[in-house]
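Structure data (TSV, C-alpha atoms) from work_1.tsv:
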```tsv
chain	number	residue	atom	x	y	z
I	1134	MET	CA	128.93	109.17	84.32
I	1135	ILE	CA	126.56	108.30	87.13
I	1136	PRO	CA	126.58	110.88	89.91
I	1137	THR	CA	127.46	109.86	93.46
I	1138	PRO	CA	124.21	109.65	95.46
I	1139	ASP	CA	123.11	112.78	97.29
I	1140	LEU	CA	123.78	112.27	101.01
I	1141	SER	CA	123.22	115.89	102.05
I	1142	HIS	CA	120.32	114.83	104.31
I	1143	LEU	CA	122.70	112.89	106.60
I	1144	THR	CA	124.38	114.76	109.43
I	1145	ARG	CA	127.45	114.51	111.64
I	1146	ALA	CA	125.18	112.96	114.29
I	1147	ASP	CA	124.29	110.17	111.83
I	1148	TYR	CA	127.97	109.55	111.10
I	1149	ASP	CA	128.69	109.18	114.82
I	1150	HIS	CA	126.90	105.84	114.52
I	1151	VAL	CA	126.80	104.97	110.83
I	1152	TYR	CA	129.79	104.56	108.50
I	1153	GLU	CA	130.37	107.61	106.36
I	1154	PRO	CA	131.16	106.74	102.73
I	1155	ALA	CA	134.91	106.74	102.16
I	1156	GLU	CA	137.45	105.35	99.69
I	1157	ASP	CA	136.25	101.77	100.15
I	1158	THR	CA	132.71	102.86	99.31
I	1159	PHE	CA	133.84	104.77	96.23
I	1160	VAL	CA	135.94	101.89	94.91
I	1161	LEU	CA	132.77	99.76	94.97
I	1162	LEU	CA	130.76	102.49	93.20
I	1163	ASP	CA	133.47	102.71	90.53
I	1164	ALA	CA	133.45	98.93	90.03
I	1165	LEU	CA	129.66	98.94	89.62
I	1166	GLU	CA	129.81	101.83	87.18
I	1167	GLU	CA	132.41	100.01	85.06
I	1168	ASP	CA	130.09	96.99	84.95
I	1169	ALA	CA	126.92	99.06	84.42
I	1170	GLN	CA	126.23	97.75	80.94
I	1171	SER	CA	126.64	94.08	81.82
I	1172	LEU	CA	124.60	94.54	84.99
I	1173	ARG	CA	121.71	95.94	82.97
I	1174	THR	CA	122.00	93.07	80.49
I	1175	ILE	CA	121.26	90.41	83.10
I	1176	GLN	CA	118.00	92.24	83.96
I	1177	PRO	CA	118.35	91.89	87.71
I	1178	ARG	CA	115.11	91.57	89.67
I	1179	ILE	CA	116.46	91.06	93.18
I	1180	CYS	CA	119.41	93.07	94.50
I	1181	LEU	CA	120.63	92.58	98.06
I	1182	GLU	CA	123.20	94.70	99.87
I	1183	ILE	CA	124.53	93.39	103.16
I	1184	GLY	CA	125.51	96.09	105.64
I	1185	SER	CA	124.07	98.97	103.65
I	1186	GLY	CA	125.07	101.65	106.18
I	1187	SER	CA	124.32	105.07	104.71
I	1188	GLY	CA	122.56	103.46	101.72
I	1189	CYS	CA	124.98	105.10	99.31
I	1190	VAL	CA	125.89	101.95	97.35
I	1191	SER	CA	122.34	100.66	96.86
I	1192	ALA	CA	121.14	104.13	95.84
I	1193	PHE	CA	123.93	104.14	93.25
I	1194	LEU	CA	122.95	100.69	91.99
I	1195	GLY	CA	119.37	101.94	91.74
I	1196	ALA	CA	120.58	104.84	89.60
I	1197	ILE	CA	122.34	102.36	87.28
I	1198	LEU	CA	119.42	99.96	86.89
I	1199	GLY	CA	116.39	102.20	87.47
I	1200	SER	CA	114.30	102.34	90.62
I	1201	SER	CA	111.33	100.40	89.26
I	1202	SER	CA	113.39	97.75	87.45
I	1203	ALA	CA	114.51	95.77	90.49
I	1204	LEU	CA	113.81	95.20	94.17
I	1205	TYR	CA	116.56	96.67	96.35
I	1206	LEU	CA	116.84	94.89	99.68
I	1207	CYS	CA	119.30	96.33	102.20
I	1208	THR	CA	120.16	94.70	105.50
I	1209	ASP	CA	122.11	96.18	108.37
I	1210	ILE	CA	122.58	95.04	111.95
I	1211	ASN	CA	122.60	98.72	113.03
I	1212	SER	CA	119.08	100.18	113.28
I	1213	ARG	CA	120.41	103.71	112.74
I	1214	ALA	CA	121.98	102.54	109.50
I	1215	THR	CA	118.69	101.07	108.25
I	1216	ARG	CA	117.08	104.46	108.94
I	1217	CYS	CA	119.83	106.24	106.97
I	1218	THR	CA	119.44	103.76	104.11
I	1219	PHE	CA	115.70	104.46	104.04
I	1220	LEU	CA	116.24	108.23	103.89
I	1221	THR	CA	118.99	107.96	101.27
I	1222	GLY	CA	116.58	106.02	99.07
I	1223	GLN	CA	114.00	108.79	99.41
I	1224	GLN	CA	116.55	111.52	98.80
I	1225	ASN	CA	117.72	109.86	95.60
I	1226	LYS	CA	114.32	108.64	94.39
I	1227	VAL	CA	115.27	104.98	94.58
I	1228	SER	CA	113.00	102.62	96.50
I	1229	LEU	CA	115.39	101.05	99.00
I	1230	ASN	CA	113.95	98.41	101.33
I	1231	PRO	CA	115.98	98.32	104.54
I	1232	ILE	CA	115.73	95.39	106.91
I	1233	ASN	CA	117.27	95.45	110.37
I	1234	ALA	CA	119.00	92.06	110.33
I	1235	SER	CA	122.32	90.27	110.59
I	1236	LEU	CA	123.67	89.47	107.10
I	1237	ALA	CA	120.93	87.77	105.05
I	1238	GLN	CA	119.49	85.72	107.92
I	1239	PRO	CA	115.71	86.24	107.49
I	1240	LEU	CA	116.00	86.08	103.68
I	1241	VAL	CA	118.04	82.90	103.25
I	1242	LYS	CA	115.03	80.58	103.13
I	1243	ARG	CA	113.18	82.51	100.42
I	1244	LEU	CA	116.09	83.82	98.39
I	1245	ALA	CA	117.76	80.51	97.56
I	1246	ASN	CA	119.29	80.87	94.06
I	1247	SER	CA	117.40	84.15	93.65
I	1248	VAL	CA	119.75	87.08	94.24
I	1249	ASP	CA	120.84	88.64	90.97
I	1250	ILE	CA	123.16	91.25	92.46
I	1251	LEU	CA	124.68	90.78	95.89
I	1252	LEU	CA	126.84	93.53	97.39
I	1253	PHE	CA	128.99	93.46	100.50
I	1254	ASN	CA	131.45	96.04	101.75
I	1255	PRO	CA	132.23	94.18	104.97
I	1256	PRO	CA	134.03	95.08	108.18
I	1257	TYR	CA	137.41	94.08	106.70
I	1258	VAL	CA	139.90	95.83	108.98
I	1259	PRO	CA	142.13	93.38	110.90
I	1260	THR	CA	141.56	93.81	114.65
I	1261	TYR	CA	141.69	91.69	117.79
I	1262	GLU	CA	139.04	88.95	117.61
I	1263	GLU	CA	137.29	90.25	120.73
I	1264	GLU	CA	137.03	93.69	119.20
I	1265	ALA	CA	135.21	92.33	116.16
I	1266	ILE	CA	132.85	90.22	118.26
I	1267	ASP	CA	132.00	93.13	120.55
I	1268	ALA	CA	131.54	95.41	117.56
I	1269	GLN	CA	128.90	93.13	116.03
I	1270	HIS	CA	127.09	92.85	119.36
I	1271	GLY	CA	127.20	96.61	119.74
I	1272	ALA	CA	125.64	97.08	116.28
I	1273	ASP	CA	127.16	100.55	116.04
I	1274	LEU	CA	129.85	102.32	114.04
I	1275	SER	CA	132.74	99.96	114.89
I	1276	GLY	CA	130.67	97.02	113.55
I	1277	SER	CA	131.11	98.52	110.10
I	1278	TRP	CA	134.89	98.06	110.09
I	1279	ALA	CA	136.24	95.76	112.85
I	1280	GLY	CA	136.93	92.43	111.18
I	1281	GLY	CA	138.89	90.22	113.60
I	1282	SER	CA	142.38	88.80	113.23
I	1283	ASP	CA	142.50	88.59	109.42
I	1284	GLY	CA	139.61	90.98	108.87
I	1285	MET	CA	137.48	88.05	107.71
I	1286	ARG	CA	135.40	87.24	110.79
I	1287	VAL	CA	132.09	88.57	109.39
I	1288	THR	CA	132.93	88.10	105.71
I	1289	ASP	CA	133.59	84.38	106.17
I	1290	ILE	CA	130.05	83.85	107.46
I	1291	LEU	CA	128.53	85.48	104.40
I	1292	LEU	CA	130.91	83.70	101.99
I	1293	GLY	CA	129.44	80.42	103.24
I	1294	GLN	CA	125.96	81.56	102.15
I	1295	VAL	CA	126.74	83.15	98.78
I	1296	GLY	CA	126.56	79.90	96.82
I	1297	ASN	CA	123.03	79.38	98.11
I	1298	LEU	CA	121.86	82.96	97.52
I	1299	LEU	CA	123.15	83.76	94.03
I	1300	SER	CA	120.84	83.22	91.06
I	1301	PRO	CA	122.22	81.35	88.03
I	1302	LYS	CA	123.11	84.70	86.40
I	1303	GLY	CA	123.96	86.38	89.71
I	1304	HIS	CA	126.91	88.68	90.42
I	1305	PHE	CA	128.43	89.09	93.88
I	1306	TYR	CA	130.68	92.08	94.56
I	1307	LEU	CA	132.89	92.04	97.63
I	1308	VAL	CA	135.21	94.75	98.94
I	1309	ALA	CA	138.40	93.45	100.54
I	1310	VAL	CA	141.88	94.58	101.52
I	1311	LYS	CA	145.18	92.88	100.91
I	1312	GLN	CA	145.43	91.53	104.49
I	1313	ASN	CA	142.22	89.53	103.91
I	1314	ASN	CA	144.30	87.23	101.64
I	1315	ILE	CA	142.56	87.72	98.31
I	1316	PRO	CA	144.06	84.64	96.52
I	1317	GLU	CA	142.86	82.43	99.39
I	1318	ILE	CA	139.31	83.89	99.21
I	1319	GLN	CA	139.24	83.24	95.47
I	1320	ARG	CA	140.58	79.70	95.83
I	1321	LEU	CA	138.10	78.79	98.57
I	1322	MET	CA	135.08	80.18	96.76
I	1323	GLN	CA	136.03	78.14	93.70
I	1324	SER	CA	136.76	74.88	95.49
I	1325	GLU	CA	134.03	75.01	98.17
I	1326	HIS	CA	131.23	76.77	96.31
I	1327	GLY	CA	132.12	76.49	92.62
I	1328	LEU	CA	132.11	80.27	92.15
I	1329	ARG	CA	134.44	81.89	89.64
I	1330	SER	CA	135.96	85.22	90.56
I	1331	GLN	CA	138.00	88.08	89.26
I	1332	ILE	CA	139.51	91.24	90.66
I	1333	VAL	CA	137.56	93.98	88.93
I	1334	LEU	CA	139.27	96.93	90.56
I	1335	GLN	CA	142.11	97.61	92.95
I	1336	ARG	CA	143.36	100.86	94.37
I	1337	ARG	CA	145.67	102.13	97.05
I	1338	ALA	CA	144.04	104.61	99.42
I	1339	GLY	CA	146.29	105.76	102.25
I	1340	ARG	CA	147.35	102.67	104.17
I	1341	GLU	CA	144.77	100.47	102.54
I	1342	HIS	CA	145.19	98.42	99.40
I	1343	LEU	CA	141.55	98.00	98.37
I	1344	PHE	CA	140.14	95.35	96.05
I	1345	VAL	CA	136.74	94.72	94.55
I	1346	LEU	CA	136.15	91.06	93.76
I	1347	LYS	CA	133.34	89.82	91.54
I	1348	PHE	CA	132.00	86.28	91.84
I	1349	THR	CA	129.77	84.47	89.37
I	1350	ARG	CA	128.60	80.89	88.83
Q	999	MET	CA	109.53	100.47	104.06
Q	1000	VAL	CA	107.78	97.16	104.39
Q	1001	ARG	CA	105.69	96.34	101.38
Q	1002	LEU	CA	104.16	92.99	100.60
Q	1003	ILE	CA	106.95	92.26	98.10
Q	1004	THR	CA	109.45	92.33	100.99
Q	1005	HIS	CA	107.13	90.53	103.38
Q	1006	ASN	CA	106.94	87.72	100.80
Q	1007	LEU	CA	110.69	87.13	101.22
Q	1008	LEU	CA	111.01	87.16	105.02
Q	1009	ALA	CA	110.93	84.00	107.12
Q	1010	CYS	CA	111.39	83.32	110.81
Q	1011	HIS	CA	115.00	82.33	111.53
Q	1012	VAL	CA	114.90	81.56	115.24
Q	1013	LYS	CA	117.20	78.63	116.11
Q	1014	GLY	CA	115.39	75.35	115.42
Q	1015	CYS	CA	112.38	77.04	113.77
Q	1016	THR	CA	112.74	75.55	110.30
Q	1017	SER	CA	109.28	74.44	109.21
Q	1018	ASN	CA	105.99	76.34	108.97
Q	1019	ASN	CA	108.12	79.47	109.58
Q	1020	PHE	CA	106.72	81.31	106.54
Q	1021	PRO	CA	104.78	83.47	105.80
Q	1022	LEU	CA	104.91	85.66	108.88
Q	1023	LYS	CA	101.44	86.73	110.01
Q	1024	LEU	CA	100.82	90.47	109.84
Q	1025	GLN	CA	99.25	91.92	112.96
Q	1026	ASP	CA	98.12	95.33	114.26
Q	1027	VAL	CA	99.26	97.01	111.08
Q	1028	GLN	CA	99.07	100.67	110.14
Q	1029	ILE	CA	98.89	100.96	106.37
Q	1030	ALA	CA	99.69	103.82	104.02
Q	1031	LEU	CA	99.15	103.79	100.26
Q	1032	ARG	CA	101.94	105.40	98.24
Q	1033	GLU	CA	102.05	105.46	94.48
Q	1034	ALA	CA	104.89	103.62	92.73
Q	1035	GLU	CA	106.05	103.64	89.14
Q	1036	PHE	CA	104.49	100.79	87.13
Q	1037	ASN	CA	107.03	98.53	85.44
Q	1038	GLU	CA	105.55	95.62	83.54
Q	1039	ASP	CA	108.86	93.87	82.81
Q	1040	PHE	CA	109.73	93.91	86.49
Q	1041	LEU	CA	106.38	92.43	87.51
Q	1042	ARG	CA	106.50	89.68	84.90
Q	1043	GLY	CA	110.05	88.85	85.93
Q	1044	PHE	CA	109.18	88.83	89.61
Q	1045	ILE	CA	106.08	86.60	89.50
Q	1046	PRO	CA	108.12	83.36	89.42
Q	1047	ARG	CA	109.95	84.50	92.58
Q	1048	LEU	CA	106.72	84.99	94.56
Q	1049	GLU	CA	105.08	82.56	96.93
Q	1050	TRP	CA	101.63	83.28	95.60
Q	1051	GLY	CA	99.56	81.79	98.40
Q	1052	ALA	CA	101.54	83.75	100.96
Q	1053	LEU	CA	100.98	86.97	99.03
Q	1054	VAL	CA	97.22	86.43	98.79
Q	1055	GLN	CA	97.08	85.69	102.51
Q	1056	ALA	CA	99.17	88.73	103.47
Q	1057	ALA	CA	97.08	91.00	101.24
Q	1058	ARG	CA	93.96	89.81	103.04
Q	1059	GLU	CA	95.60	90.48	106.40
Q	1060	VAL	CA	96.04	94.11	105.38
Q	1061	GLY	CA	92.51	94.36	104.03
Q	1062	ASP	CA	92.99	93.78	100.29
Q	1063	ASP	CA	91.21	90.78	98.75
Q	1064	SER	CA	91.62	91.73	95.10
Q	1065	LEU	CA	94.08	89.00	94.09
Q	1066	PRO	CA	92.93	85.68	92.60
Q	1067	ALA	CA	93.76	82.48	94.51
Q	1068	GLU	CA	96.03	81.32	91.66
Q	1069	VAL	CA	98.23	83.21	89.23
Q	1070	PRO	CA	96.12	83.51	86.06
Q	1071	GLU	CA	97.46	81.91	82.87
Q	1072	MET	CA	96.98	85.13	80.94
Q	1073	LEU	CA	98.78	88.02	82.60
Q	1074	ASP	CA	96.57	90.82	81.31
Q	1075	ASP	CA	96.89	94.51	82.02
Q	1076	GLU	CA	94.21	94.59	84.66
Q	1077	PHE	CA	95.84	91.77	86.63
Q	1078	LEU	CA	99.32	93.32	86.41
Q	1079	LYS	CA	98.01	96.69	87.61
Q	1080	GLN	CA	96.34	95.02	90.57
Q	1081	LEU	CA	99.47	93.02	91.38
Q	1082	HIS	CA	101.56	96.20	91.13
Q	1083	HIS	CA	99.30	97.89	93.66
Q	1084	VAL	CA	99.33	95.00	96.14
Q	1085	LEU	CA	103.09	94.33	95.91
Q	1086	LEU	CA	104.47	97.85	95.72
Q	1087	GLU	CA	101.98	100.47	96.87
Q	1088	ILE	CA	100.71	99.15	100.20
Q	1089	HIS	CA	103.19	100.21	102.89
Q	1090	ILE	CA	103.12	98.76	106.37
Q	1091	ASP	CA	104.45	101.61	108.49
Q	1092	GLU	CA	103.79	100.09	111.91
Q	1093	GLY	CA	102.80	96.66	113.16
Q	1094	SER	CA	104.29	93.25	113.68
Q	1095	MET	CA	105.00	89.99	111.90
Q	1096	VAL	CA	104.44	86.81	113.88
Q	1097	CYS	CA	105.94	83.41	113.10
Q	1098	PRO	CA	103.13	80.87	112.54
Q	1099	ASN	CA	105.31	78.15	114.09
Q	1100	CYS	CA	107.22	79.53	117.11
Q	1101	LYS	CA	105.16	82.75	117.56
Q	1102	HIS	CA	108.25	84.96	117.59
Q	1103	VAL	CA	107.20	88.58	117.04
Q	1104	TYR	CA	109.17	90.75	114.60
Q	1105	PRO	CA	108.14	94.41	115.01
Q	1106	ILE	CA	107.82	96.94	112.20
Q	1107	SER	CA	108.54	100.50	113.24
Q	1108	SER	CA	108.59	103.59	110.99
Q	1109	GLY	CA	108.49	101.28	107.98
Q	1110	ILE	CA	111.53	99.20	108.95
Q	1111	PRO	CA	111.23	95.57	110.05
Q	1112	ASN	CA	113.34	94.47	112.99
Q	1113	MET	CA	114.45	90.92	112.20
Q	1114	LEU	CA	117.26	90.81	114.78
Q	1115	LEU	CA	117.29	87.98	117.29
Q	1116	ALA	CA	118.63	87.72	120.82
Q	1117	GLU	CA	121.87	85.75	121.24
Q	1118	HIS	CA	120.11	82.59	122.52
Q	1119	GLU	CA	117.69	82.59	119.56
Q	1120	ILE	CA	120.37	82.56	116.86
Q	1121	GLY	CA	120.85	79.27	115.02
```
Would you kindly transcribe this structure into structure tokens?
Amino acid sequence: MIPTPDLSHLTRADYDHVYEPAEDTFVLLDALEEDAQSLRTIQPRICLEIGSGSGCVSAFLGAILGSSSALYLCTDINSRATRCTFLTGQQNKVSLNPINASLAQPLVKRLANSVDILLFNPPYVPTYEEEAIDAQHGADLSGSWAGGSDGMRVTDILLGQVGNLLSPKGHFYLVAVKQNNIPEIQRLMQSEHGLRSQIVLQRRAGREHLFVLKFTR
Amino acid sequence: MVRLITHNLLACHVKGCTSNNFPLKLQDVQIALREAEFNEDFLRGFIPRLEWGALVQAAREVGDDSLPAEVPEMLDDEFLKQLHHVLLEIHIDEGSMVCPNCKHVYPISSGIPNMLLAEHEIG
């Protein structure tokens, strides 16, 4: 049993601007914990979390693999979130390396076929398109959940880059909800990018039917 | 925190800036040295992922010229310890990273690099 990362250093004021871990976060932690043994077996060197927010998920991954065993890169478009990620790393004695950036943009050139573990809990909530666009521009709390008409506006951009980023042994974990059309995501990733996938966990939490998908080469 | 291991993975991504956009030149840096746990397996596994020339250059820009120009054939203890120090213990807390091609400046503040671009700069 791997304990949930200590987030006691974060305050209400942080959560006014940065997503507070909730059921969708915990479903991803549970999926990673179930896969802990196989994740250690591939001896990951480069882990990348997109939209790290509080830093909870990467700190948890660091607890699974060991702080000195891998490089933990964490991007977020929200500068307050990168600060929280930094502090959560310190609090949990995992060296997290936050980068204020959109998706993997500044890393794409150097991380081609190099990312061993890629994590993304995206803004998946279906909203009006404009709401999702404004939320990304605003780089604040709503950017962590507003996902456009099918909740896929931001996710789709990353999905187009995953095939380039993943190492030959790489694992990509994605959080999604039913409205995102899971079978269609799986079909597209196979046909367009040659990535196999499976649903590793699903859970109903209130109104949301949450899924964790895992993609491999 | 920006350490040279992270710097070695960042490239300029301004629209149209696709060549000579790496490595970013470190400027006006404030450095702190913080001890990190030594992990030989990690270092050996990471060496193939490094752009060695870029690492040597960046180390010099922050005042460390201890690394050899090429990766030695024999990865002995002394070399791995030195590499560990350069990659993982030198922290750039403040400063900037400048694209050698388009001269875009990416600031580093409180140990976090700001790689965001304005709308018209995004490819």
List as a ChimeraX atom specification: which residues have an atom within 10 Å of (104.3, 86.9, 99.4), counting only C-alpha atoms? /I:1243 /Q:1001-1008,1020-1022,1047-1057,1085
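Of the listed residues (I:Val1333, I:Ala1245, I:Leu1291, I:Leu1307), I:Ala1245 comes nearest to chain Q; the distances count all atoms listed in the file.
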Enumerate as an MDAnalysis selection string the residues belonging to chain Q that approach chain I to within 6 Å, with only C-alpha atoms taken into account. chainID Q and resid 999 1007:1009 1011 1040 1111:1114
Contact residues around I:Ile1266 with only C-alpha atoms at 10 Å, ignoring same-chain residues under 2 positions, as a count of residues only: 14
Skipping near chain neighbours, those fewer than 2 positions away, what residues fall within 8 Å of stretch 1100-1106 of chain Q using only C-alpha atoms, listed as a PyMOL selection string? chain Q and resi 1000+1010+1012+1015+1019+1090-1098+1108-1113
Taking (126.8, 105.1, 88.7) in the file's coordinates, which residues come within 7 Å, counting all atoms listed in the file, written as number ranges by chain? I: 1134-1137, 1162, 1165-1166, 1193-1194, 1196-1197
Take every atom of stretch 1081-1099 of chain Q listed in the file, fit an axis-aligned box around them, add 8 Å per side, and give the centre and edge lengths in Å to one decimal as JSON.
```
{"center_x": 102.6, "center_y": 89.9, "center_z": 102.6, "size_x": 22.6, "size_y": 39.5, "size_z": 39.0}
```
Work out how far atom CA of Q:His1118 is from atom CA of I:Asp1283, in Å to one decimal.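 If I compute the distance from atom CA of I:Asp1283 to atom CA of Q:His1118, I get 26.6 Å.
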Could you work out how far atom CA of I:Gln1223 lies from atom CA of Q:Leu1065, giving the answer in Å with one decimal? 28.6 Å
At what distance in Å, to one decimal, does atom CA of I:Leu1321 lie from atom CA of I:Ser1277? 23.9 Å
Can you pull out every residue within 8 Å of stretch 1343-1349 of chain I, counting all atoms listed in the file, but drop anything in the same chain fewer than 4 positions away, and send it as a count of residues only? 25
